[in-house]
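What follows is target.cif (mmCIF, C-alpha atoms).
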```cif
data_query
loop_
_atom_site.label_atom_id
_atom_site.label_comp_id
_atom_site.auth_asym_id
_atom_site.auth_seq_id
_atom_site.Cartn_x
_atom_site.Cartn_y
_atom_site.Cartn_z
CA MET A 1 84.75 83.80 88.40
CA ILE A 2 84.29 87.27 89.82
CA THR A 3 84.51 90.24 87.47
CA VAL A 4 87.02 92.71 88.89
CA LYS A 5 87.52 96.14 87.35
CA ASN A 6 90.91 97.78 87.73
CA GLU A 7 90.32 101.47 88.40
CA GLY A 8 94.00 102.33 88.02
CA ILE A 9 96.40 104.42 90.08
CA ILE A 10 94.98 107.13 92.35
CA LEU A 11 98.08 108.20 94.32
CA THR A 12 101.79 108.32 93.51
CA GLU A 13 104.93 109.59 95.18
CA THR A 14 105.77 113.31 95.07
CA GLU A 15 108.93 115.37 95.38
CA LEU A 16 108.17 116.03 99.05
CA ASP A 17 110.91 114.61 101.25
CA PHE A 18 108.66 112.30 103.27
CA GLU A 19 107.16 110.53 100.22
CA ASN A 20 109.76 110.86 97.49
CA ASP A 21 110.28 107.10 97.13
CA GLY A 22 106.75 105.74 97.16
CA VAL A 23 103.24 105.70 98.59
CA LEU A 24 101.47 102.43 99.29
CA ASN A 25 99.25 100.22 101.46
CA PRO A 26 96.62 102.72 102.65
CA ALA A 27 94.24 102.48 105.59
CA ILE A 28 90.72 103.50 104.53
CA ILE A 29 87.80 104.76 106.60
CA GLN A 30 84.59 105.84 104.87
CA GLU A 31 82.13 108.36 106.27
CA GLY A 32 79.25 108.87 103.86
CA ASN A 33 80.63 110.11 100.55
CA THR A 34 84.00 110.96 102.11
CA VAL A 35 86.87 108.49 102.11
CA HIS A 36 89.78 109.16 104.47
CA MET A 37 93.06 107.62 103.35
CA PHE A 38 95.99 107.11 105.71
CA TYR A 39 98.82 105.80 103.58
CA ARG A 40 102.36 104.61 104.05
CA ALA A 41 104.68 107.31 102.73
CA VAL A 42 108.27 106.28 102.05
CA ARG A 43 111.27 108.56 101.72
CA ARG A 44 114.54 107.45 100.20
CA GLY A 45 116.38 105.07 102.46
CA ASN A 46 113.16 103.18 103.26
CA PHE A 47 111.94 105.35 106.13
CA SER A 48 108.15 105.35 106.44
CA THR A 49 105.59 107.72 107.94
CA ILE A 50 101.82 107.98 107.57
CA GLY A 51 100.46 110.48 105.06
CA TYR A 52 96.87 111.60 104.64
CA ALA A 53 94.61 112.20 101.64
CA LYS A 54 90.88 112.90 101.42
CA LEU A 55 88.61 111.58 98.70
CA GLU A 56 85.09 112.52 97.72
CA GLY A 57 83.57 109.42 96.28
CA PRO A 58 85.70 106.32 95.88
CA LEU A 59 88.28 107.70 93.45
CA ASN A 60 88.41 111.50 93.50
CA VAL A 61 91.29 112.86 95.61
CA VAL A 62 90.32 116.36 96.77
CA ALA A 63 92.96 117.06 99.43
CA ARG A 64 96.36 115.76 100.43
CA ASN A 65 98.61 116.79 103.30
CA GLN A 66 101.99 118.25 102.44
CA GLU A 67 103.63 116.70 105.48
CA PRO A 68 103.20 113.39 107.32
CA LEU A 69 100.31 113.03 109.73
CA ILE A 70 102.05 110.48 111.97
CA ILE A 71 105.80 110.13 112.42
CA PRO A 72 107.93 107.75 114.52
CA SER A 73 107.92 108.67 118.20
CA ASN A 74 109.84 105.88 119.92
CA GLU A 75 112.66 103.41 119.40
CA ALA A 76 110.36 100.65 118.12
CA GLU A 77 109.25 102.91 115.25
CA ILE A 78 112.54 104.63 114.55
CA HIS A 79 112.88 103.25 111.03
CA GLY A 80 109.23 103.49 110.08
CA ILE A 81 105.49 103.32 110.67
CA GLU A 82 104.26 100.96 108.00
CA ASP A 83 101.13 99.51 106.38
CA PRO A 84 98.30 101.05 108.42
CA ARG A 85 94.72 99.78 108.70
CA ILE A 86 91.87 101.60 110.40
CA VAL A 87 88.44 100.80 111.87
CA LYS A 88 85.94 102.61 114.07
CA ILE A 89 84.75 100.86 117.24
CA GLU A 90 82.21 102.63 119.46
CA ASN A 91 83.16 106.17 118.36
CA VAL A 92 86.89 105.54 118.62
CA TYR A 93 89.15 105.06 115.61
CA TYR A 94 91.73 102.29 115.89
CA LEU A 95 94.70 102.72 113.57
CA SER A 96 96.92 99.63 113.55
CA TYR A 97 100.32 99.58 111.89
CA CYS A 98 103.68 97.88 111.80
CA ALA A 99 106.40 99.49 113.91
CA TYR A 100 109.81 98.94 112.32
CA ASP A 101 113.11 99.69 114.05
CA GLY A 102 115.38 98.61 111.22
CA VAL A 103 115.45 95.00 112.40
CA ASN A 104 112.14 94.12 114.03
CA ALA A 105 108.64 94.53 112.59
CA LEU A 106 105.84 94.39 115.18
CA GLY A 107 102.12 95.17 115.31
CA SER A 108 101.21 98.41 117.10
CA TYR A 109 98.20 100.67 117.29
CA ALA A 110 97.01 104.19 118.00
CA THR A 111 93.56 105.64 118.72
CA SER A 112 91.80 108.85 117.79
CA VAL A 113 88.41 110.46 118.18
CA ASN A 114 88.84 113.00 115.38
CA LEU A 115 91.20 111.44 112.80
CA ILE A 116 93.69 114.24 113.48
CA ASP A 117 95.18 113.58 116.90
CA PHE A 118 96.37 110.03 117.54
CA ASN A 119 97.31 108.52 120.89
CA ARG A 120 100.06 105.91 120.50
CA HIS A 121 99.63 102.68 122.52
CA GLY A 122 102.75 100.90 121.33
CA VAL A 123 103.48 97.31 120.38
CA ILE A 124 100.78 94.85 121.47
CA VAL A 125 101.93 91.61 119.80
CA PRO A 126 104.38 89.26 121.56
CA GLN A 127 107.93 90.60 121.78
CA ILE A 128 109.94 87.41 121.85
CA THR A 129 112.75 85.71 119.98
CA TYR A 130 112.12 82.82 117.64
CA GLU A 131 113.79 80.53 120.16
CA GLU A 132 111.26 81.57 122.83
CA PHE A 133 108.42 81.13 120.33
CA HIS A 134 109.63 77.63 119.47
CA ARG A 135 109.99 76.68 123.13
CA LEU A 136 106.41 77.74 123.91
CA THR A 137 104.77 76.24 120.82
CA GLU A 138 106.58 72.90 120.76
CA PHE A 139 104.39 71.51 123.57
CA GLU A 140 101.50 71.09 121.13
CA GLY A 141 103.59 69.27 118.58
CA CYS A 142 105.38 70.29 115.41
CA LEU A 143 104.46 73.48 113.59
CA ASN A 144 104.59 73.91 109.85
CA GLU A 145 108.30 73.93 108.98
CA LYS A 146 107.83 77.34 107.33
CA TYR A 147 107.66 78.99 110.75
CA GLU A 148 111.34 78.24 111.26
CA ARG A 149 112.30 79.10 107.70
CA PHE A 150 110.66 82.54 107.79
CA HIS A 151 112.00 83.71 111.13
CA VAL A 152 115.50 84.62 109.89
CA HIS A 153 115.87 88.15 108.50
CA ASN A 154 118.80 89.18 106.36
CA ASN A 155 119.30 92.62 107.91
CA ILE A 156 120.34 91.31 111.32
CA LYS A 157 123.99 91.23 110.22
CA SER A 158 123.98 94.97 109.61
CA ASN A 159 122.30 95.67 112.97
CA PRO A 160 124.30 93.57 115.47
CA ASP A 161 123.33 95.73 118.45
CA LYS A 162 119.59 94.95 118.19
CA GLN A 163 117.96 91.76 119.33
CA LEU A 164 116.15 89.92 116.55
CA LEU A 165 112.53 89.29 117.54
CA LEU A 166 109.81 87.21 115.95
CA TRP A 167 108.17 89.32 113.26
CA ASP A 168 104.43 89.76 113.87
CA LYS A 169 102.78 92.04 111.30
CA ASN A 170 99.42 92.78 109.67
CA LEU A 171 97.64 93.69 112.90
CA ILE A 172 94.02 94.31 111.89
CA PHE A 173 91.04 94.97 114.15
CA PHE A 174 87.49 93.85 113.47
CA PRO A 175 85.28 96.96 113.25
CA LYS A 176 83.09 96.11 116.25
CA LEU A 177 83.13 94.28 119.55
CA ILE A 178 82.03 90.67 119.16
CA ASN A 179 80.51 89.07 122.25
CA GLY A 180 81.89 92.01 124.22
CA GLU A 181 85.47 91.47 123.07
CA PHE A 182 87.98 93.09 120.73
CA TYR A 183 88.98 90.72 117.94
CA PHE A 184 92.03 91.24 115.78
CA LEU A 185 94.08 89.42 113.19
CA HIS A 186 97.85 89.30 113.18
CA ARG A 187 100.40 87.42 111.15
CA ILE A 188 103.37 85.36 112.24
CA ARG A 189 104.40 83.90 108.90
CA PRO A 190 103.25 81.76 107.21
CA ASP A 191 99.68 81.82 108.62
CA ILE A 192 97.02 84.27 109.83
CA GLN A 193 96.30 84.15 113.55
CA ILE A 194 93.33 85.57 115.48
CA THR A 195 93.10 86.94 119.01
CA SER A 196 90.32 88.27 121.26
CA VAL A 197 90.41 90.17 124.56
CA LYS A 198 87.93 92.12 126.64
CA SER A 199 90.48 94.88 127.16
CA MET A 200 93.74 95.83 125.46
CA LYS A 201 95.26 95.93 128.92
CA HIS A 202 95.06 92.16 128.97
CA LEU A 203 97.72 91.86 126.26
CA THR A 204 100.56 91.23 128.67
CA LYS A 205 103.59 88.96 128.38
CA GLU A 206 101.73 86.41 130.48
CA PHE A 207 98.78 86.55 128.09
CA TRP A 208 100.99 85.93 125.09
CA ASP A 209 102.95 83.13 126.78
CA GLU A 210 99.67 81.30 127.46
CA TYR A 211 98.46 82.06 123.93
CA LEU A 212 101.61 80.58 122.40
CA LEU A 213 101.38 77.47 124.56
CA HIS A 214 98.16 76.76 122.62
CA PHE A 215 99.27 78.40 119.39
CA ASN A 216 97.66 75.91 117.01
CA GLU A 217 94.24 76.86 118.40
CA HIS A 218 94.78 80.45 117.28
CA ILE A 219 95.79 79.80 113.67
CA LEU A 220 92.81 81.10 111.72
CA MET A 221 93.92 80.40 108.17
CA THR A 222 96.79 78.66 106.45
CA SER A 223 97.79 78.36 102.80
CA VAL A 224 95.62 76.03 100.73
CA TYR A 225 95.70 76.98 97.05
CA ASP A 226 98.53 77.48 94.56
CA HIS A 227 98.23 81.29 94.39
CA GLU A 228 98.78 81.54 98.17
CA ILE A 229 100.97 78.51 98.76
CA GLY A 230 104.01 80.46 100.00
CA TYR A 231 102.27 82.25 102.84
CA ILE A 232 99.24 84.41 103.59
CA GLY A 233 98.51 87.50 105.65
CA GLY A 234 95.74 89.91 106.54
CA GLY A 235 94.69 92.56 104.07
CA CYS A 236 91.67 94.81 104.63
CA PRO A 237 89.71 95.06 107.89
CA PRO A 238 86.90 92.47 107.88
CA ILE A 239 83.58 93.62 106.43
CA GLU A 240 80.36 92.58 108.15
CA THR A 241 77.83 91.00 105.76
CA GLN A 242 74.77 88.83 106.34
CA ALA A 243 76.71 85.82 105.09
CA GLY A 244 79.69 86.36 107.38
CA TRP A 245 82.77 88.52 107.85
CA LEU A 246 84.23 89.18 104.42
CA LEU A 247 88.01 89.03 104.60
CA ILE A 248 90.12 90.38 101.75
CA TYR A 249 93.61 89.08 102.47
CA HIS A 250 96.87 88.63 100.60
CA GLY A 251 98.41 85.42 99.36
CA VAL A 252 101.96 84.86 98.17
CA HIS A 253 103.47 82.25 95.90
CA ASP A 254 107.04 81.79 94.73
CA THR A 255 108.00 81.83 91.07
CA ALA A 256 111.18 81.91 89.02
CA LYS A 257 110.87 85.73 89.13
CA GLY A 258 110.41 85.81 92.90
CA TYR A 259 107.35 86.18 95.12
CA VAL A 260 104.01 87.17 93.58
CA TYR A 261 101.46 88.83 95.89
CA THR A 262 97.76 88.34 95.13
CA ALA A 263 94.49 89.59 96.60
CA CYS A 264 92.30 86.80 98.01
CA ALA A 265 88.87 86.47 99.65
CA ALA A 266 87.31 84.39 102.42
CA LEU A 267 84.32 84.40 104.78
CA LEU A 268 84.45 84.03 108.56
CA ASP A 269 81.55 83.14 110.85
CA LEU A 270 79.68 86.25 112.07
CA LYS A 271 79.25 85.12 115.67
CA ASP A 272 82.52 83.23 115.94
CA PRO A 273 85.13 84.70 113.57
CA THR A 274 87.66 82.05 114.62
CA LYS A 275 85.82 79.82 112.14
CA GLU A 276 86.50 80.11 108.42
CA ILE A 277 83.38 79.19 106.45
CA ALA A 278 84.35 79.81 102.81
CA ARG A 279 87.34 80.70 100.66
CA LEU A 280 87.81 81.43 96.97
CA PRO A 281 90.00 78.76 95.35
CA TYR A 282 91.51 81.36 93.02
CA ALA A 283 92.98 84.82 93.43
CA LEU A 284 90.51 87.70 93.46
CA PHE A 285 93.06 89.66 91.44
CA GLU A 286 96.78 89.45 90.86
CA PRO A 287 99.58 91.54 89.34
CA GLU A 288 98.68 92.20 85.73
CA PHE A 289 99.17 95.87 84.88
CA PRO A 290 102.54 97.66 84.50
CA TRP A 291 102.11 99.54 87.81
CA GLU A 292 101.66 96.20 89.62
CA LEU A 293 104.41 94.30 87.84
CA THR A 294 107.26 96.78 88.29
CA GLY A 295 108.12 98.96 91.28
CA TYR A 296 110.08 98.94 94.51
CA VAL A 297 109.02 95.29 94.87
CA ASN A 298 107.81 93.73 91.63
CA ASN A 299 104.65 91.65 91.21
CA VAL A 300 102.69 92.98 94.17
CA VAL A 301 99.05 93.76 94.81
CA PHE A 302 98.62 94.29 98.55
CA PRO A 303 95.04 95.11 99.65
CA THR A 304 94.66 97.14 102.85
CA GLY A 305 91.35 99.04 102.77
CA THR A 306 87.89 99.20 101.24
CA SER A 307 84.97 101.55 100.65
CA LEU A 308 81.43 100.69 99.60
CA PHE A 309 79.35 102.83 97.23
CA ASP A 310 75.94 101.38 96.39
CA ASP A 311 76.70 97.71 95.65
CA THR A 312 80.26 98.30 94.49
CA LEU A 313 83.16 97.41 96.75
CA TYR A 314 86.33 99.40 96.11
CA ILE A 315 89.56 97.75 97.21
CA TYR A 316 92.56 100.02 97.77
CA TYR A 317 95.94 98.39 97.46
CA GLY A 318 99.66 98.95 97.25
CA ALA A 319 100.87 98.32 93.70
CA ALA A 320 104.44 97.00 93.47
CA ASP A 321 105.21 98.74 96.79
CA LYS A 322 105.41 102.03 94.88
CA ARG A 323 101.95 103.52 94.37
CA ILE A 324 98.30 103.18 95.37
CA ALA A 325 95.69 101.74 93.02
CA VAL A 326 92.07 100.61 93.27
CA ALA A 327 90.07 97.62 92.06
CA SER A 328 86.28 97.34 92.20
CA LEU A 329 83.69 94.58 92.10
CA ASN A 330 80.08 93.85 92.92
CA LEU A 331 79.84 92.95 96.61
CA GLU A 332 76.76 90.72 96.28
CA ALA A 333 78.35 88.79 93.43
CA LEU A 334 81.47 88.20 95.52
CA ILE A 335 79.45 86.89 98.47
CA THR A 336 77.45 84.60 96.17
CA GLU A 337 80.64 83.25 94.65
CA LEU A 338 82.21 82.66 98.05
CA LEU A 339 79.17 80.74 99.27
CA ALA A 340 79.66 78.33 96.39
CA TYR A 341 82.93 77.33 98.06
CA ARG A 342 81.74 76.66 101.59
CA ILE A 343 84.18 74.66 103.67
CA LYS A 344 82.83 71.21 104.45
CA ARG A 345 83.43 70.08 108.00
#
```

Exercise: express the given structure as structure tokens:
Amino acid sequence: MITVKNEGIILTETELDFENDGVLNPAIIQEGNTVHMFYRAVRRGNFSTIGYAKLEGPLNVVARNQEPLIIPSNEAEIHGIEDPRIVKIENVYYLSYCAYDGVNALGSYATSVNLIDFNRHGVIVPQITYEEFHRLTEFEGCLNEKYERFHVHNNIKSNPDKQLLLWDKNLIFFPKLINGEFYFLHRIRPDIQITSVKSMKHLTKEFWDEYLLHFNEHILMTSVYDHEIGYIGGGCPPIETQAGWLLIYHGVHDTAKGYVYTACAALLDLKDPTKEIARLPYALFEPEFPWELTGYVNNVVFPTGTSLFDDTLYIYYGAADKRIAVASLNLEALITELLAYRIKR
């Protein structure tokens, strides 16, 4: 078992209008001793923007903006910009997030060269109904029955004027080009899917139609163990190690008290990240402390970013969808433990 230290809460909501109901699920980019945090800030009524805080070292917050850094700018984002992740690829920062219009939740991204000004590129995941998704994917045979179960969203009745689309969240880029291509994870519940393109311009409707015709080929990971048996989704951007791409993701299982979100770990092949090579058979950490057990959504640890200081990996996560906390562990020990659970093919 891996020894994980809970470092506690480092950011909470304030009385400022844009974050008076919670702060959670931060994107993290590290530059030397400085850690830039782009977090989901929620105001009452569940409207989300992106706030910014600066840390020196992994835990010491030294600055925090008094207004949101990124706000909704189009109809797809009108109800919120949620759950950001960030990577740097060839001197450009890629900030991915979920655009939420009150009904539909879809993966989008923006780019920056200075972490101040961001150029919005809009939704890049497929924008289709579940019926269209089913029509395209049925040619390869039956999907896990959970795909149908998870596609219905309760809030459609209160938003009759908007078309309900297939939710596709947790858009997360790999932090470098691999074989000359952009790779990214996304999540159509209940599994994690993976995509690669030479240019973002290739992500057209025609691209996605062809992708969905061969959908089973693009499912990277599916639930295996009890702590993730409900569904899984991306967490932190993949970390390049000698043993493979370290993926900290989230797993969900259902209990009598509702869903419980856990932090999980796996390894992907360095040269071909469509191949999973190892996975921990137990949760890396799970809700345990009061700030994880009770909040806007109870029983949630939701990892979204990391920093590395010496040999210690710091994992930043949303705690009960209300606040931001940190857990830490020895990176080498985690890799060693993962390699003990190589997937046999």

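Note that the spacing between CA of Ile2 in chain A and CA of Gly295 in chain A amounts to 26.6 Å.
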
Would you write out, as a tab-separated table, a table of all residues in range 31-136 of chain A that have an atom no more than 9 Å from an atom of range 205-224 of chain A, listing for each the closest atom pair and the distance in Å to one decimal, considering all atoms listed in the file and ordering rows by chain and rising residue number?
```
residue	atom	partner	partner_atom	distance
A:Val125	CA	A:Trp208	CA	7.8
A:Pro126	CA	A:Trp208	CA	5.9
A:Gln127	CA	A:Lys205	CA	8.1
A:Phe133	CA	A:Leu212	CA	7.1
A:Arg135	CA	A:Leu213	CA	8.8
A:Leu136	CA	A:Leu213	CA	5.1
```

Would you write out, as a tab-separated table, a table of all residues in range 285-341 of chain A that have an atom no more than 9 Å from an atom of range 23-33 of chain A, listing for each the closest atom pair and the distance in Å to one decimal, considering only C-alpha atoms and ordering rows by chain and rising residue number?
```
residue	atom	partner	partner_atom	distance
A:Phe302	CA	A:Asn25	CA	6.6
A:Pro303	CA	A:Asn25	CA	6.9
A:Thr304	CA	A:Asn25	CA	5.7
A:Gly305	CA	A:Ile28	CA	4.8
A:Thr306	CA	A:Ile28	CA	6.1
A:Ser307	CA	A:Gln30	CA	6.0
A:Leu308	CA	A:Gln30	CA	8.0
A:Phe309	CA	A:Asn33	CA	8.1
A:Tyr316	CA	A:Pro26	CA	6.9
A:Tyr317	CA	A:Asn25	CA	5.5
A:Gly318	CA	A:Asn25	CA	4.4
A:Ala319	CA	A:Leu24	CA	7.0
A:Ala320	CA	A:Leu24	CA	8.5
A:Asp321	CA	A:Leu24	CA	5.8
A:Lys322	CA	A:Val23	CA	5.7
A:Arg323	CA	A:Val23	CA	4.9
A:Ile324	CA	A:Leu24	CA	5.1
A:Ala325	CA	A:Leu24	CA	8.6
```

Please evaluate the PyMOL selection byres ((chain A and resi 146-151) around 12) against the displayed coordinates and give the resulting residues as number ranges by chain.
A: 103-105, 128-134, 137-138, 142-145, 152-156, 164-168, 187-192, 222-223, 229-232

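One distance worth recording is that between CA of Phe47 in chain A and CA of Asn60 in chain A, which is 27.4 Å.
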
Atoms added to range 8-36 of chain A (N, CA and C atoms), reported as a PDB file, in the coordinates of the input:
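What ended up in out_9.pdb:
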```
ATOM      1  N   GLY A   8      92.747 101.648  88.281  1.00  0.00           N
ATOM      2  CA  GLY A   8      94.000 102.330  88.020  1.00  0.00           C
ATOM      3  C   GLY A   8      94.610 102.982  89.249  1.00  0.00           C
ATOM      4  N   ILE A   9      95.643 103.754  89.013  1.00  0.00           N
ATOM      5  CA  ILE A   9      96.400 104.420  90.080  1.00  0.00           C
ATOM      6  C   ILE A   9      95.652 105.672  90.534  1.00  0.00           C
ATOM      7  N   ILE A  10      95.588 105.890  91.857  1.00  0.00           N
ATOM      8  CA  ILE A  10      94.980 107.130  92.350  1.00  0.00           C
ATOM      9  C   ILE A  10      95.956 107.979  93.159  1.00  0.00           C
ATOM     10  N   LEU A  11      97.106 107.415  93.551  1.00  0.00           N
ATOM     11  CA  LEU A  11      98.080 108.200  94.320  1.00  0.00           C
ATOM     12  C   LEU A  11      99.489 107.701  94.004  1.00  0.00           C
ATOM     13  N   THR A  12     100.390 108.658  93.767  1.00  0.00           N
ATOM     14  CA  THR A  12     101.790 108.320  93.510  1.00  0.00           C
ATOM     15  C   THR A  12     102.689 109.149  94.407  1.00  0.00           C
ATOM     16  N   GLU A  13     103.963 108.823  94.403  1.00  0.00           N
ATOM     17  CA  GLU A  13     104.930 109.590  95.180  1.00  0.00           C
ATOM     18  C   GLU A  13     105.020 111.023  94.651  1.00  0.00           C
ATOM     19  N   THR A  14     105.556 111.912  95.466  1.00  0.00           N
ATOM     20  CA  THR A  14     105.770 113.310  95.070  1.00  0.00           C
ATOM     21  C   THR A  14     107.231 113.657  95.313  1.00  0.00           C
ATOM     22  N   GLU A  15     107.571 114.911  95.111  1.00  0.00           N
ATOM     23  CA  GLU A  15     108.930 115.370  95.380  1.00  0.00           C
ATOM     24  C   GLU A  15     109.118 115.778  96.833  1.00  0.00           C
ATOM     25  N   LEU A  16     108.054 115.719  97.629  1.00  0.00           N
ATOM     26  CA  LEU A  16     108.170 116.030  99.050  1.00  0.00           C
ATOM     27  C   LEU A  16     109.075 115.007  99.720  1.00  0.00           C
ATOM     28  N   ASP A  17     109.893 115.475 100.649  1.00  0.00           N
ATOM     29  CA  ASP A  17     110.910 114.610 101.250  1.00  0.00           C
ATOM     30  C   ASP A  17     110.327 113.342 101.859  1.00  0.00           C
ATOM     31  N   PHE A  18     109.163 113.460 102.519  1.00  0.00           N
ATOM     32  CA  PHE A  18     108.660 112.300 103.270  1.00  0.00           C
ATOM     33  C   PHE A  18     108.048 111.225 102.384  1.00  0.00           C
ATOM     34  N   GLU A  19     107.783 111.513 101.097  1.00  0.00           N
ATOM     35  CA  GLU A  19     107.160 110.530 100.220  1.00  0.00           C
ATOM     36  C   GLU A  19     107.783 110.554  98.824  1.00  0.00           C
ATOM     37  N   ASN A  20     109.090 110.767  98.777  1.00  0.00           N
ATOM     38  CA  ASN A  20     109.760 110.860  97.490  1.00  0.00           C
ATOM     39  C   ASN A  20     110.189 109.516  96.920  1.00  0.00           C
ATOM     40  N   ASP A  21     109.900 108.414  97.645  1.00  0.00           N
ATOM     41  CA  ASP A  21     110.280 107.100  97.130  1.00  0.00           C
ATOM     42  C   ASP A  21     109.097 106.160  96.956  1.00  0.00           C
ATOM     43  N   GLY A  22     107.907 106.587  97.370  1.00  0.00           N
ATOM     44  CA  GLY A  22     106.750 105.740  97.160  1.00  0.00           C
ATOM     45  C   GLY A  22     105.622 106.014  98.123  1.00  0.00           C
ATOM     46  N   VAL A  23     104.414 105.681  97.713  1.00  0.00           N
ATOM     47  CA  VAL A  23     103.240 105.700  98.590  1.00  0.00           C
ATOM     48  C   VAL A  23     102.510 104.379  98.358  1.00  0.00           C
ATOM     49  N   LEU A  24     102.016 103.770  99.434  1.00  0.00           N
ATOM     50  CA  LEU A  24     101.470 102.430  99.290  1.00  0.00           C
ATOM     51  C   LEU A  24     100.610 102.056 100.496  1.00  0.00           C
ATOM     52  N   ASN A  25      99.932 100.926 100.374  1.00  0.00           N
ATOM     53  CA  ASN A  25      99.250 100.220 101.460  1.00  0.00           C
ATOM     54  C   ASN A  25      98.444 101.138 102.383  1.00  0.00           C
ATOM     55  N   PRO A  26      97.367 101.733 101.869  1.00  0.00           N
ATOM     56  CA  PRO A  26      96.620 102.720 102.650  1.00  0.00           C
ATOM     57  C   PRO A  26      95.565 102.115 103.570  1.00  0.00           C
ATOM     58  N   ALA A  27      95.398 102.737 104.735  1.00  0.00           N
ATOM     59  CA  ALA A  27      94.240 102.480 105.590  1.00  0.00           C
ATOM     60  C   ALA A  27      93.090 103.351 105.090  1.00  0.00           C
ATOM     61  N   ILE A  28      91.887 102.799 105.074  1.00  0.00           N
ATOM     62  CA  ILE A  28      90.720 103.500 104.530  1.00  0.00           C
ATOM     63  C   ILE A  28      89.602 103.495 105.559  1.00  0.00           C
ATOM     64  N   ILE A  29      89.015 104.669 105.790  1.00  0.00           N
ATOM     65  CA  ILE A  29      87.800 104.760 106.600  1.00  0.00           C
ATOM     66  C   ILE A  29      86.816 105.633 105.835  1.00  0.00           C
ATOM     67  N   GLN A  30      85.603 105.139 105.644  1.00  0.00           N
ATOM     68  CA  GLN A  30      84.590 105.840 104.870  1.00  0.00           C
ATOM     69  C   GLN A  30      83.551 106.440 105.794  1.00  0.00           C
ATOM     70  N   GLU A  31      83.203 107.687 105.539  1.00  0.00           N
ATOM     71  CA  GLU A  31      82.130 108.360 106.270  1.00  0.00           C
ATOM     72  C   GLU A  31      81.228 109.041 105.245  1.00  0.00           C
ATOM     73  N   GLY A  32      80.126 108.365 104.903  1.00  0.00           N
ATOM     74  CA  GLY A  32      79.250 108.870 103.860  1.00  0.00           C
ATOM     75  C   GLY A  32      79.962 108.864 102.525  1.00  0.00           C
ATOM     76  N   ASN A  33      79.980 110.005 101.850  1.00  0.00           N
ATOM     77  CA  ASN A  33      80.630 110.110 100.550  1.00  0.00           C
ATOM     78  C   ASN A  33      82.126 110.379 100.666  1.00  0.00           C
ATOM     79  N   THR A  34      82.590 110.627 101.887  1.00  0.00           N
ATOM     80  CA  THR A  34      84.000 110.960 102.110  1.00  0.00           C
ATOM     81  C   THR A  34      84.805 109.723 102.467  1.00  0.00           C
ATOM     82  N   VAL A  35      85.947 109.595 101.834  1.00  0.00           N
ATOM     83  CA  VAL A  35      86.870 108.490 102.110  1.00  0.00           C
ATOM     84  C   VAL A  35      88.171 109.094 102.638  1.00  0.00           C
ATOM     85  N   HIS A  36      88.517 108.723 103.864  1.00  0.00           N
ATOM     86  CA  HIS A  36      89.780 109.160 104.470  1.00  0.00           C
ATOM     87  C   HIS A  36      90.837 108.098 104.203  1.00  0.00           C
TER      88      HIS A  36
END
```
